[in-house]
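Student: The following file, coords-v5.txt, comprises compact mmCIF, C-alpha atoms:
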# COMPACT_ATOMS: atom_id res chain seq x y z
CA MET B 217 4.06 -2.81 23.42
CA ILE B 218 2.30 -4.61 20.56
CA ARG B 219 3.46 -8.19 20.07
CA ALA B 220 3.89 -9.03 16.37
CA GLN B 221 4.33 -12.38 14.69
CA ILE B 222 5.56 -12.62 11.11
CA VAL B 223 4.40 -15.67 9.12
CA GLY B 224 6.53 -16.25 6.04
CA ALA B 225 9.48 -14.58 7.71
CA THR B 226 12.19 -16.05 5.48
CA GLY B 227 10.90 -14.55 2.22
CA TYR B 228 11.79 -11.07 1.04
CA GLY B 229 8.48 -9.64 2.26
CA GLY B 230 8.90 -11.11 5.72
CA LEU B 231 12.48 -9.90 5.83
CA GLY B 232 11.37 -6.37 4.94
CA MET B 233 8.91 -6.33 7.82
CA THR B 234 11.53 -7.70 10.23
CA GLU B 235 13.92 -4.92 9.26
CA LEU B 236 11.22 -2.27 9.76
CA LEU B 237 9.92 -3.55 13.10
CA LEU B 238 13.39 -3.72 14.60
CA ARG B 239 13.38 0.08 14.70
CA HIS B 240 9.73 0.50 15.67
CA PRO B 241 9.36 1.86 19.23
CA GLU B 242 5.85 0.45 19.86
CA ILE B 243 6.01 -3.03 18.29
CA THR B 244 8.18 -6.00 19.22
CA ILE B 245 8.66 -9.18 17.19
CA THR B 246 7.78 -12.19 19.34
CA SER B 247 8.18 -14.92 16.72
CA LEU B 248 9.17 -15.60 13.13
CA LEU B 249 7.39 -18.45 11.35
CA ALA B 250 8.01 -20.09 7.98
CA LYS B 251 7.93 -23.39 6.13
CA GLN B 252 11.58 -23.20 5.09
CA ASP B 253 14.78 -22.64 7.09
CA THR B 254 13.02 -23.63 10.31
CA GLY B 255 15.15 -24.29 13.37
CA ARG B 256 17.76 -21.76 12.24
CA PRO B 257 18.33 -18.24 13.53
CA ILE B 258 17.00 -15.72 11.04
CA SER B 259 20.49 -14.19 11.09
CA ASP B 260 21.82 -17.42 9.57
CA VAL B 261 19.37 -17.04 6.71
CA TYR B 262 20.10 -13.31 6.32
CA PRO B 263 23.56 -12.58 7.77
CA HIS B 264 23.08 -8.80 7.78
CA LEU B 265 20.65 -9.29 10.70
CA ARG B 266 23.32 -10.78 12.96
CA GLY B 267 23.27 -9.02 16.31
CA PHE B 268 20.08 -7.17 15.41
CA CYS B 269 17.67 -10.10 15.21
CA ASP B 270 18.75 -13.64 16.02
CA LEU B 271 15.33 -15.21 16.65
CA THR B 272 15.01 -18.84 15.61
CA VAL B 273 12.61 -19.47 12.74
CA GLN B 274 9.76 -21.74 13.86
CA ASP B 275 7.52 -23.93 11.74
CA ALA B 276 4.26 -22.27 10.70
CA ASN B 277 1.38 -24.54 11.69
CA PRO B 278 -1.98 -24.31 13.48
CA ASP B 279 -0.28 -24.58 16.88
CA THR B 280 2.19 -21.74 16.30
CA VAL B 281 0.30 -19.24 14.14
CA GLY B 282 -1.14 -16.57 16.45
CA GLN B 283 0.75 -17.78 19.52
CA ASP B 284 2.03 -15.01 21.85
CA ALA B 285 0.92 -12.29 19.43
CA ASP B 286 -1.49 -9.39 19.23
CA LEU B 287 -0.82 -8.87 15.54
CA VAL B 288 -0.20 -11.55 12.90
CA ILE B 289 1.48 -10.42 9.68
CA PHE B 290 1.17 -12.85 6.78
CA ALA B 291 4.02 -12.39 4.31
CA THR B 292 2.84 -15.53 2.57
CA PRO B 293 1.56 -16.72 -0.82
CA ASP B 294 -2.12 -16.61 -1.71
CA GLY B 295 -4.31 -19.06 0.17
CA VAL B 296 -2.41 -19.16 3.47
CA SER B 297 -3.99 -16.39 5.53
CA GLN B 298 -7.55 -17.33 4.59
CA GLU B 299 -7.00 -20.69 6.31
CA TYR B 300 -6.07 -19.00 9.61
CA ALA B 301 -7.89 -15.66 9.64
CA ARG B 302 -11.22 -16.90 11.01
CA ASP B 303 -9.70 -18.37 14.18
CA LEU B 304 -7.27 -15.51 14.67
CA LEU B 305 -9.99 -12.87 14.52
CA ALA B 306 -12.18 -14.89 16.88
CA ALA B 307 -9.27 -14.94 19.32
CA GLY B 308 -8.97 -11.15 19.18
CA ARG B 309 -5.88 -10.95 16.99
CA ARG B 310 -5.42 -8.34 14.29
CA VAL B 311 -4.36 -9.60 10.89
CA ILE B 312 -2.65 -8.04 7.89
CA ASP B 313 -1.96 -10.07 4.78
CA TYR B 314 0.39 -9.38 1.87
CA SER B 315 -1.40 -11.65 -0.60
CA GLY B 316 -4.64 -11.16 -2.48
CA ASP B 317 -6.68 -13.15 0.04
CA PHE B 318 -8.36 -10.10 1.62
CA ARG B 319 -8.08 -7.30 -0.95
CA PHE B 320 -11.69 -7.66 -2.04
CA ARG B 321 -15.04 -7.04 -0.38
CA SER B 322 -17.04 -9.79 -2.07
CA PRO B 323 -16.57 -13.39 -3.25
CA GLU B 324 -17.41 -12.24 -6.79
CA GLN B 325 -14.58 -9.72 -6.86
CA TYR B 326 -12.19 -12.28 -5.36
CA ALA B 327 -13.25 -14.85 -7.99
CA ARG B 328 -12.18 -12.46 -10.77
CA TYR B 329 -8.77 -12.17 -9.15
CA ALA B 330 -8.49 -15.92 -8.49
CA ARG B 331 -9.09 -16.72 -12.16
CA ARG B 332 -6.21 -14.43 -13.13
CA HIS B 333 -3.69 -15.64 -10.56
CA PRO B 334 -1.60 -18.56 -11.87
CA ALA B 335 -1.07 -20.00 -8.39
CA VAL B 336 -4.70 -19.70 -7.25
CA LYS B 337 -6.18 -21.14 -10.46
CA GLY B 338 -9.70 -20.03 -9.71
CA ARG B 339 -10.08 -21.79 -6.35
CA PRO B 340 -12.94 -20.36 -4.24
CA HIS B 341 -12.15 -18.42 -1.09
CA ALA B 342 -11.86 -20.51 2.09
CA ALA B 343 -13.41 -17.83 4.32
CA PRO B 344 -15.73 -15.79 2.10
CA GLU B 345 -17.72 -14.45 5.05
CA LEU B 346 -14.65 -12.47 6.16
CA LEU B 347 -14.34 -10.47 2.94
CA ALA B 348 -16.99 -7.98 4.02
CA ARG B 349 -14.96 -7.30 7.17
CA SER B 350 -11.65 -6.81 5.36
CA VAL B 351 -10.28 -3.42 4.29
CA PHE B 352 -8.12 -2.82 1.23
CA GLY B 353 -4.89 -1.34 2.56
CA VAL B 354 -4.31 1.79 0.49
CA PRO B 355 -3.89 4.43 3.22
CA GLU B 356 -4.22 7.37 0.86
CA LEU B 357 -7.80 6.28 0.04
CA TYR B 358 -9.08 4.20 2.96
CA ARG B 359 -7.36 5.62 6.04
CA GLU B 360 -10.50 5.86 8.20
CA ASP B 361 -11.59 2.31 7.36
CA ILE B 362 -8.11 0.96 8.09
CA ALA B 363 -8.12 2.67 11.49
CA ALA B 364 -11.19 0.66 12.52
CA ALA B 365 -10.13 -2.62 10.90
CA HIS B 366 -8.99 -5.90 12.40
CA LEU B 367 -8.32 -7.46 8.98
CA VAL B 368 -6.43 -5.61 6.25
CA GLY B 369 -5.48 -6.89 2.80
CA ASN B 370 -2.28 -5.24 1.62
CA PRO B 371 -2.42 -4.06 -2.01
CA GLY B 372 -0.28 -5.67 -4.70
CA CYS B 373 2.94 -3.92 -5.59
CA PHE B 374 1.92 -2.90 -9.10
CA ALA B 375 -1.53 -1.93 -7.80
CA VAL B 376 -0.06 0.61 -5.37
CA ALA B 377 1.70 2.45 -8.17
CA MET B 378 -1.23 2.29 -10.60
CA ILE B 379 -3.84 3.42 -8.06
CA LEU B 380 -1.79 6.35 -6.78
CA ALA B 381 -0.98 7.39 -10.34
CA LEU B 382 -4.61 7.40 -11.48
CA ALA B 383 -6.75 8.14 -8.41
CA PRO B 384 -6.83 11.97 -8.63
CA ALA B 385 -7.68 12.01 -12.33
CA VAL B 386 -10.33 9.30 -12.02
CA ARG B 387 -11.94 10.85 -8.94
CA ALA B 388 -12.17 14.23 -10.68
CA GLY B 389 -13.68 12.74 -13.85
CA LEU B 390 -10.75 14.12 -15.81
CA ILE B 391 -10.12 11.04 -17.95
CA ASP B 392 -12.17 8.56 -19.95
CA PRO B 393 -12.19 5.45 -17.69
CA SER B 394 -12.49 3.18 -20.71
CA SER B 395 -9.17 4.38 -22.15
CA ILE B 396 -6.62 3.51 -19.45
CA ILE B 397 -3.38 1.75 -20.39
CA CYS B 398 -0.61 1.01 -17.88
CA ASP B 399 2.91 -0.14 -18.61
CA GLY B 400 4.87 -1.56 -15.67
CA LYS B 401 8.52 -2.40 -15.08
CA THR B 402 9.58 -4.41 -12.04
CA GLY B 403 12.77 -5.74 -10.53
CA ILE B 404 13.39 -9.45 -10.06
CA SER B 405 12.75 -9.41 -6.30
CA GLY B 406 9.06 -8.95 -7.11
CA ALA B 407 8.98 -12.63 -8.09
CA GLY B 408 10.05 -13.65 -4.59
CA LYS B 409 12.95 -15.60 -3.18
CA LYS B 410 12.32 -19.00 -4.74
CA PRO B 411 14.68 -19.52 -7.72
CA SER B 412 13.39 -20.54 -11.13
CA PRO B 413 14.81 -20.87 -14.66
CA THR B 414 12.98 -17.68 -15.70
CA HIS B 415 14.82 -15.70 -13.04
CA HIS B 416 18.22 -17.31 -13.55
CA PHE B 417 20.92 -14.66 -14.08
CA PRO B 418 21.67 -15.52 -17.76
CA GLU B 419 17.94 -15.27 -18.53
CA ARG B 420 17.40 -11.93 -16.81
CA ASN B 421 20.64 -10.07 -17.39
CA GLU B 422 20.47 -7.69 -20.38
CA ASN B 423 16.89 -8.78 -20.99
CA VAL B 424 13.42 -7.24 -20.66
CA THR B 425 10.42 -9.56 -20.76
CA PRO B 426 6.69 -8.76 -20.80
CA TYR B 427 4.57 -11.30 -18.93
CA ARG B 428 0.90 -11.99 -18.15
CA ILE B 429 0.08 -9.50 -20.89
CA ALA B 430 -3.35 -7.94 -20.24
CA ASN B 431 -3.97 -10.75 -17.74
CA HIS B 432 -2.15 -9.79 -14.55
CA GLN B 433 -4.06 -10.34 -11.31
CA HIS B 434 -3.28 -6.85 -9.91
CA GLU B 435 -5.38 -5.37 -12.70
CA VAL B 436 -8.51 -6.60 -10.90
CA GLU B 437 -7.97 -4.69 -7.64
CA VAL B 438 -7.00 -1.56 -9.56
CA THR B 439 -10.16 -1.73 -11.66
CA VAL B 440 -12.36 -2.33 -8.60
CA THR B 441 -10.80 0.65 -6.78
CA LEU B 442 -11.00 3.04 -9.73
CA GLU B 443 -14.64 2.09 -10.31
CA GLU B 444 -15.40 2.96 -6.69
CA LEU B 445 -13.72 6.33 -7.13
CA SER B 446 -15.36 7.17 -10.46
CA GLY B 447 -18.76 5.51 -10.20
CA GLU B 448 -18.22 4.33 -13.77
CA GLU B 449 -17.07 1.17 -15.48
CA VAL B 450 -13.30 1.11 -15.90
CA ASN B 451 -11.46 -0.64 -18.72
CA LEU B 452 -7.78 -1.08 -18.02
CA THR B 453 -5.08 -2.76 -20.09
CA PHE B 454 -1.97 -3.51 -18.08
CA VAL B 455 1.29 -4.97 -19.37
CA PRO B 456 4.03 -5.70 -16.79
CA HIS B 457 7.68 -6.31 -17.70
CA LEU B 458 10.58 -7.90 -15.85
CA VAL B 459 13.73 -5.78 -16.04
CA PRO B 460 17.26 -6.73 -14.88
CA ILE B 461 17.34 -4.85 -11.57
CA THR B 462 16.94 -6.14 -8.02
CA ARG B 463 14.12 -3.95 -6.72
CA GLY B 464 11.84 -1.15 -7.82
CA ILE B 465 8.69 -0.56 -9.88
CA LEU B 466 8.07 2.10 -12.51
CA VAL B 467 4.54 2.36 -13.88
CA THR B 468 3.51 4.70 -16.68
CA ALA B 469 -0.24 5.24 -17.05
CA TYR B 470 -1.93 6.70 -20.13
CA ALA B 471 -5.54 7.83 -20.49
CA THR B 472 -7.63 10.01 -22.81
CA LEU B 473 -8.66 13.38 -21.39
CA ARG B 474 -12.38 14.21 -21.44
CA GLN B 475 -11.76 17.92 -21.90
CA ASP B 476 -9.04 20.41 -22.65
CA VAL B 477 -7.03 20.98 -19.50
CA SER B 478 -3.72 22.67 -18.79
CA GLN B 479 -0.62 21.13 -17.32
CA ALA B 480 -0.88 23.58 -14.42
CA ASP B 481 -4.46 22.55 -13.62
CA VAL B 482 -3.60 18.85 -13.53
CA GLN B 483 -0.51 19.53 -11.46
CA GLU B 484 -2.65 21.44 -8.96
CA LEU B 485 -5.22 18.61 -8.85
CA TYR B 486 -2.56 16.05 -7.92
CA GLU B 487 -0.79 18.33 -5.47
CA ASP B 488 -4.08 19.10 -3.71
CA MET B 489 -4.97 15.42 -3.28
CA TYR B 490 -1.57 14.36 -1.99
CA ARG B 491 -0.41 17.50 -0.16
CA GLU B 492 -0.90 15.97 3.29
CA GLU B 493 0.26 12.47 2.36
CA PRO B 494 3.57 11.65 4.06
CA PHE B 495 4.72 9.13 1.45
CA VAL B 496 3.53 10.54 -1.88
CA ARG B 497 5.61 13.15 -3.66
CA VAL B 498 4.14 14.93 -6.68
CA LEU B 499 7.26 16.04 -8.53
CA PRO B 500 7.54 19.46 -10.17
CA ALA B 501 6.41 19.69 -13.77
CA GLY B 502 9.09 18.40 -16.11
CA VAL B 503 10.77 16.20 -13.48
CA ALA B 504 10.40 12.49 -14.20
CA PRO B 505 10.61 9.86 -11.43
CA GLY B 506 13.33 7.27 -11.30
CA LEU B 507 13.82 4.18 -9.20
CA LYS B 508 16.88 5.58 -7.43
CA GLY B 509 14.73 8.37 -6.04
CA VAL B 510 12.67 5.97 -3.90
CA LEU B 511 15.00 2.99 -3.36
CA GLY B 512 14.85 1.70 0.21
CA SER B 513 11.97 4.00 1.21
CA ASN B 514 8.18 3.96 1.54
CA LEU B 515 7.83 6.81 -0.95
CA CYS B 516 5.89 6.98 -4.18
CA ASP B 517 7.06 9.60 -6.68
CA LEU B 518 4.57 10.85 -9.27
CA SER B 519 5.23 12.85 -12.42
CA LEU B 520 2.50 13.92 -14.84
CA VAL B 521 2.34 15.34 -18.33
CA VAL B 522 -0.59 16.63 -20.36
CA ASP B 523 -0.06 15.47 -23.96
CA GLU B 524 -1.94 18.33 -25.58
CA ASP B 525 -1.40 17.18 -29.17
CA ASN B 526 -3.09 13.83 -28.51
CA GLY B 527 -5.46 14.76 -25.68
CA ARG B 528 -3.94 12.36 -23.18
CA LEU B 529 -2.77 12.40 -19.60
CA VAL B 530 0.48 10.55 -18.86
CA VAL B 531 1.42 9.78 -15.25
CA ALA B 532 4.61 8.02 -14.16
CA ALA B 533 4.88 6.46 -10.70
CA SER B 534 7.93 4.93 -9.03
CA ILE B 535 8.08 2.89 -5.82
CA ASP B 536 10.32 0.38 -4.08
CA ASN B 537 8.35 -2.84 -4.67
CA LEU B 538 9.50 -4.35 -1.36
CA LEU B 539 8.56 -1.29 0.72
CA LYS B 540 5.78 0.95 -0.60
CA GLY B 541 4.79 -2.09 -2.64
CA GLN B 542 4.89 -4.52 0.27
CA ALA B 543 6.38 -4.28 3.80
CA GLY B 544 6.43 -0.48 3.97
CA VAL B 545 2.78 0.03 3.12
CA ALA B 546 1.95 -2.87 5.45
CA LEU B 547 3.62 -1.08 8.36
CA GLN B 548 1.91 2.16 7.34
CA ASN B 549 -1.40 0.28 7.60
CA ILE B 550 -0.42 -1.25 10.96
CA ASN B 551 0.42 2.17 12.36
CA ILE B 552 -3.01 3.40 11.32
CA MET B 553 -4.73 0.33 12.80
CA TYR B 554 -3.14 0.96 16.20
CA GLY B 555 -3.36 4.75 16.19
CA PHE B 556 0.40 5.28 16.01
CA PRO B 557 1.88 8.12 13.94
CA GLU B 558 1.66 6.92 10.37
CA THR B 559 5.34 7.46 9.68
CA MET B 560 6.56 5.59 12.79
CA GLY B 561 9.31 3.13 11.85
CA LEU B 562 9.26 4.37 8.26
CA GLU B 563 11.35 7.52 8.61
CA ARG B 564 14.08 6.39 6.25
CA LEU B 565 15.54 8.29 3.34
CA PRO B 566 15.95 6.59 -0.03
CA LEU B 567 19.33 4.91 -0.52
CA TYR B 568 21.59 6.69 -2.99
CA PRO B 569 23.37 6.05 -5.26
Write out the structure in this file as structure tokens.

Tutor:
Amino acid sequence: MIRAQIVGATGYGGLGMTELLLRHPEITITSLLAKQDTGRPISDVYPHLRGFCDLTVQDANPDTVGQDADLVIFATPDGVSQEYARDLLAAGRRVIDYSGDFRFRSPEQYARYARRHPAVKGRPHAAPELLARSVFGVPELYREDIAAAHLVGNPGCFAVAMILALAPAVRAGLIDPSSIICDGKTGISGAGKKPSPTHHFPERNENVTPYRIANHQHEVEVTVTLEELSGEEVNLTFVPHLVPITRGILVTAYATLRQDVSQADVQELYEDMYREEPFVRVLPAGVAPGLKGVLGSNLCDLSLVVDEDNGRLVVAASIDNLLKGQAGVALQNINIMYGFPETMGLERLPLYP
């Protein structure tokens, strides 16, 4: 049995992993760490866990992080895991991190991200020598690397949707990589648990707000990944929006086609790439994804349209931001790291209605 420790257990991302691991037959939670709500049972913080998980939340500090664990899961803000990862890896632990700390393979790539992130503010990486050892946790692209990894950087929630929406077309050279535009809609839970005036109910209800226009940090990891797939420079404009729902992400990607191509040919391209993927569904032509179709699951639904009049490809992707965009893809990566069936602990249907 693999012993797992969750750092940042009282946030939504840590909660999502707790819920998933409670039904995992090969992993047991040995400790829950956080900087808030310490000394309280996690079931006091989240009453729906009562009787399922009543572990007391411990303070996250150098003495507790990594203790009695084979696997340390950081559901923490940027900058936390990079302070601990060096010692944890030296002690033989495996590490997976939700933040952007280990999504990049070089200090230069990380620096681009750090300049974009409002909380990081351009600070240099605290453990730059580990970046070359880290693997970007998109299973559909990097499964073999993840299987051999001891350090995995989970992708950002928007990045998951954008990469899965665009990867087949970019890899096949179907679209002009300088023409990509992505529009994203996300629920309020994507901003985390900490309250703020921006996320106060009167501000969010009946309101849609664009933010970090053409300057969102997830754009960097998407661009890096698509450039690896295409071998060409990628220019991406991304505009995210907050919408008044609790959870879910819908991304619509637009790009100029390099040649005349039929709807059937593009449909076949996407179906061929994702046919064996357990958590990606390429929907039939004419069926558009919706957030209800993936709510509470690790699924990503894709729908694509060839806009023949304007020579564009349009791809819509929907995910649950707290699962396929966070805890779900993290567990998918963990299963791969340990050689477990990839779907283990993730066999849950979407919630409906």

Student: Report as number ranges by chain all protein, DNA and RNA residues lying within 9 Å of range 546-549 of chain B, evaluated on only C-alpha atoms, omitting residues in the same chain fewer than 6 positions from it.

Tutor: B: 233, 236-237, 289, 312-314, 353-355, 359, 362-363, 368-371, 514, 539-540, 557-562

Student: Write out as CSV a residue-level contact list of range 392-413 of chain B versus range 433-439 of chain B with cut-off 12 Å: for each qualifying residue the closest pair of atoms and the distance in Å to one decimal, counting only C-alpha atoms, rows sorted by chain and residue number upward.

Tutor:
residue,atom,partner,partner_atom,distance
B:Pro393,CA,B:Thr439,CA,9.6
B:Ser394,CA,B:Thr439,CA,10.6
B:Ile396,CA,B:Thr439,CA,10.0
B:Ile397,CA,B:Glu435,CA,10.7
B:Cys398,CA,B:Glu435,CA,9.5
B:Asp399,CA,B:Glu435,CA,11.4
B:Gly400,CA,B:His434,CA,11.3

Student: Considering all atoms listed in the file, state which residue in the set B:Gly408, B:Gly447, B:Pro566, B:Gly512 is at the smallest distance from Gly229 in chain B.

Tutor: B:Gly408

Student: Would you mind telling me which residue in B:Pro494, B:Gly224, B:Gly464, B:Gly308 lies nearest to His366 in chain B when using only C-alpha atoms?

Tutor: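 Among B:Pro494, B:Gly224, B:Gly464, B:Gly308, it is B:Gly308 that comes nearest to His366 in chain B.
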
Student: Any idea what the distance is between CA of Arg266 in chain B and CA of His415 in chain B?

Tutor: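 Going from CA of Arg266 in chain B over to CA of His415 in chain B covers 27.8 Å.
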
Student: Here is a test: counting all atoms listed in the file, which residue of B:Val223, B:Leu357, B:Leu271, B:Val386 is nearest to Tyr300 in chain B?

Tutor: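 The answer is B:Val223, which sits nearest to Tyr300 in chain B.
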
Student: Show me, as a list in words, the residues that have an atom within 10 Å of Leu529 in chain B when counting all atoms listed in the file, minus same-chain residues fewer than 3 positions from it.

Tutor: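 Neighbouring residues, sequence-local ones excluded: Leu382, Ala385, Leu390, Ile391, Ile396, Ala469, Tyr470, Ala471, Thr472, Leu473, Arg474, Val477, Gln479, Val482, Leu520, Val521, Val522, Asp523, Glu524 and Asn526 of chain B.
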
Student: Do a neighbour search on Arg349 in chain B at 10 Å with all atoms listed in the file, toss out local chain neighbours closer than 2 positions, and write the hits as a VMD selection string.

Tutor: chain B and resid 318 320 to 322 344 to 347 351 365 to 368

Student: Just checking: using only C-alpha atoms, which residue out of B:Arg420, B:Leu507, B:Cys269, B:Arg219 ends up closest to Thr234 in chain B?

Tutor: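 So, comparing all the options, the nearest one is B:Cys269.
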
Student: Might you pull out every residue within 7 Å of range 275-286 of chain B, with all atoms listed in the file counted and same-chain residues fewer than 4 positions away left off, and present them as a list in words?

Tutor: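 Once the nearby chain positions are removed, what remains is Ile218, Arg219, Ala220, Gln221, Val223, Thr246, Leu249, Ala250, Lys251, Thr254, Leu304, Arg309 and Arg310 of chain B.
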
Student: Now that the selection is made, can you save its residues with C-alpha atoms as a PDB file, in the coordinates of the input?

Tutor:
ATOM      1  CA  ILE B 218       2.300  -4.610  20.560  1.00  0.00           C
ATOM      2  CA  ARG B 219       3.460  -8.190  20.070  1.00  0.00           C
ATOM      3  CA  ALA B 220       3.890  -9.030  16.370  1.00  0.00           C
ATOM      4  CA  GLN B 221       4.330 -12.380  14.690  1.00  0.00           C
ATOM      5  CA  VAL B 223       4.400 -15.670   9.120  1.00  0.00           C
ATOM      6  CA  THR B 246       7.780 -12.190  19.340  1.00  0.00           C
ATOM      7  CA  LEU B 249       7.390 -18.450  11.350  1.00  0.00           C
ATOM      8  CA  ALA B 250       8.010 -20.090   7.980  1.00  0.00           C
ATOM      9  CA  LYS B 251       7.930 -23.390   6.130  1.00  0.00           C
ATOM     10  CA  THR B 254      13.020 -23.630  10.310  1.00  0.00           C
ATOM     11  CA  LEU B 304      -7.270 -15.510  14.670  1.00  0.00           C
ATOM     12  CA  ARG B 309      -5.880 -10.950  16.990  1.00  0.00           C
ATOM     13  CA  ARG B 310      -5.420  -8.340  14.290  1.00  0.00           C
TER      14      ARG B 310
END

Student: When you count only C-alpha atoms, which of these residues is closest to Glu443 in chain B: B:Ile379, B:Phe495, B:Leu458, B:Gln483?

Tutor: B:Ile379

Student: Work out where the centre of an axis-aligned box around every listed atom of range 340-352 of chain B lies and how long its edges are once 6 Å is added on each side; give both in Å to one decimal as lines of an AutoDock Vina configuration file.

Tutor:
center_x = -12.9
center_y = -11.7
center_z = 1.5
size_x = 21.6
size_y = 29.7
size_z = 23.4

Student: Please write as a PDB file with C-alpha atoms, keeping the file's coordinate frame the list of polymer residues whose atoms come within 10 Å of (-10.7, 17.6, -9.9), counting all atoms listed in the file and keeping to the coordinates of the file.

Tutor:
ATOM      1  CA  PRO B 384      -6.830  11.970  -8.630  1.00  0.00           C
ATOM      2  CA  ALA B 385      -7.680  12.010 -12.330  1.00  0.00           C
ATOM      3  CA  VAL B 386     -10.330   9.300 -12.020  1.00  0.00           C
ATOM      4  CA  ARG B 387     -11.940  10.850  -8.940  1.00  0.00           C
ATOM      5  CA  ALA B 388     -12.170  14.230 -10.680  1.00  0.00           C
ATOM      6  CA  GLY B 389     -13.680  12.740 -13.850  1.00  0.00           C
ATOM      7  CA  LEU B 390     -10.750  14.120 -15.810  1.00  0.00           C
ATOM      8  CA  ASP B 481      -4.460  22.550 -13.620  1.00  0.00           C
ATOM      9  CA  VAL B 482      -3.600  18.850 -13.530  1.00  0.00           C
ATOM     10  CA  GLU B 484      -2.650  21.440  -8.960  1.00  0.00           C
ATOM     11  CA  LEU B 485      -5.220  18.610  -8.850  1.00  0.00           C
ATOM     12  CA  TYR B 486      -2.560  16.050  -7.920  1.00  0.00           C
ATOM     13  CA  ASP B 488      -4.080  19.100  -3.710  1.00  0.00           C
ATOM     14  CA  MET B 489      -4.970  15.420  -3.280  1.00  0.00           C
TER      15      MET B 489
END

Student: To one decimal place, how far is CA of Gly267 in chain B from CA of Glu242 in chain B in Å?

Tutor: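 Taking CA of Gly267 in chain B and CA of Glu242 in chain B, their separation equals 20.1 Å.
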
Student: What separation in Å, quoted to one decimal, exists between CA of Leu442 in chain B and CA of Ala383 in chain B?

Tutor: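 For CA of Leu442 in chain B relative to CA of Ala383 in chain B, the distance reads 6.8 Å.
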
Student: Which of these residues is nearest to Met553 in chain B, using all atoms listed in the file: B:Leu452, B:Gly230, B:Glu360, B:Pro334?

Tutor: B:Glu360

Student: Residues at most 10 Å from Pro569 in chain B, counting only C-alpha atoms, excluding those fewer than 2 positions away in the same chain, as a ChimeraX atom specification?

Tutor: /B:508-509,511,566-567

Student: Would you mind completing range 339-343 of chain B to all heavy atoms and writing the output as a PDB file, in the frame of the given file?

Tutor:
ATOM      1  N   ARG B 339      -9.518 -21.140  -7.536  1.00  0.00           N
ATOM      2  CA  ARG B 339     -10.080 -21.790  -6.350  1.00  0.00           C
ATOM      3  C   ARG B 339     -10.953 -20.796  -5.568  1.00  0.00           C
ATOM      4  O   ARG B 339     -10.584 -19.630  -5.398  1.00  0.00           O
ATOM      5  CB  ARG B 339      -8.975 -22.304  -5.428  1.00  0.00           C
ATOM      6  CG  ARG B 339      -8.207 -23.497  -5.955  1.00  0.00           C
ATOM      7  CD  ARG B 339      -7.336 -24.094  -4.846  1.00  0.00           C
ATOM      8  NE  ARG B 339      -6.463 -23.114  -4.242  1.00  0.00           N
ATOM      9  CZ  ARG B 339      -5.244 -22.801  -4.694  1.00  0.00           C
ATOM     10  NH1 ARG B 339      -4.767 -23.396  -5.767  1.00  0.00           N
ATOM     11  NH2 ARG B 339      -4.503 -21.896  -4.075  1.00  0.00           N
ATOM     12  N   PRO B 340     -12.090 -21.256  -5.031  1.00  0.00           N
ATOM     13  CA  PRO B 340     -12.940 -20.360  -4.240  1.00  0.00           C
ATOM     14  C   PRO B 340     -12.275 -20.005  -2.915  1.00  0.00           C
ATOM     15  O   PRO B 340     -11.413 -20.736  -2.411  1.00  0.00           O
ATOM     16  CB  PRO B 340     -14.210 -21.179  -4.022  1.00  0.00           C
ATOM     17  CG  PRO B 340     -13.792 -22.605  -4.181  1.00  0.00           C
ATOM     18  CD  PRO B 340     -12.673 -22.605  -5.187  1.00  0.00           C
ATOM     19  N   HIS B 341     -12.699 -18.906  -2.358  1.00  0.00           N
ATOM     20  CA  HIS B 341     -12.150 -18.420  -1.090  1.00  0.00           C
ATOM     21  C   HIS B 341     -12.545 -19.348   0.045  1.00  0.00           C
ATOM     22  O   HIS B 341     -13.689 -19.819   0.122  1.00  0.00           O
ATOM     23  CB  HIS B 341     -12.647 -17.005  -0.814  1.00  0.00           C
ATOM     24  CG  HIS B 341     -11.790 -16.217   0.107  1.00  0.00           C
ATOM     25  ND1 HIS B 341     -11.784 -16.418   1.470  1.00  0.00           N
ATOM     26  CD2 HIS B 341     -10.902 -15.216  -0.133  1.00  0.00           C
ATOM     27  CE1 HIS B 341     -10.938 -15.560   2.025  1.00  0.00           C
ATOM     28  NE2 HIS B 341     -10.390 -14.817   1.082  1.00  0.00           N
ATOM     29  N   ALA B 342     -11.590 -19.600   0.972  1.00  0.00           N
ATOM     30  CA  ALA B 342     -11.860 -20.510   2.090  1.00  0.00           C
ATOM     31  C   ALA B 342     -12.632 -19.866   3.221  1.00  0.00           C
ATOM     32  O   ALA B 342     -13.185 -20.564   4.067  1.00  0.00           O
ATOM     33  CB  ALA B 342     -10.528 -21.072   2.622  1.00  0.00           C
ATOM     34  N   ALA B 343     -12.679 -18.535   3.253  1.00  0.00           N
ATOM     35  CA  ALA B 343     -13.410 -17.830   4.320  1.00  0.00           C
ATOM     36  C   ALA B 343     -14.154 -16.641   3.723  1.00  0.00           C
ATOM     37  O   ALA B 343     -13.909 -15.487   4.086  1.00  0.00           O
ATOM     38  CB  ALA B 343     -12.450 -17.377   5.414  1.00  0.00           C
TER      39      ALA B 343
END
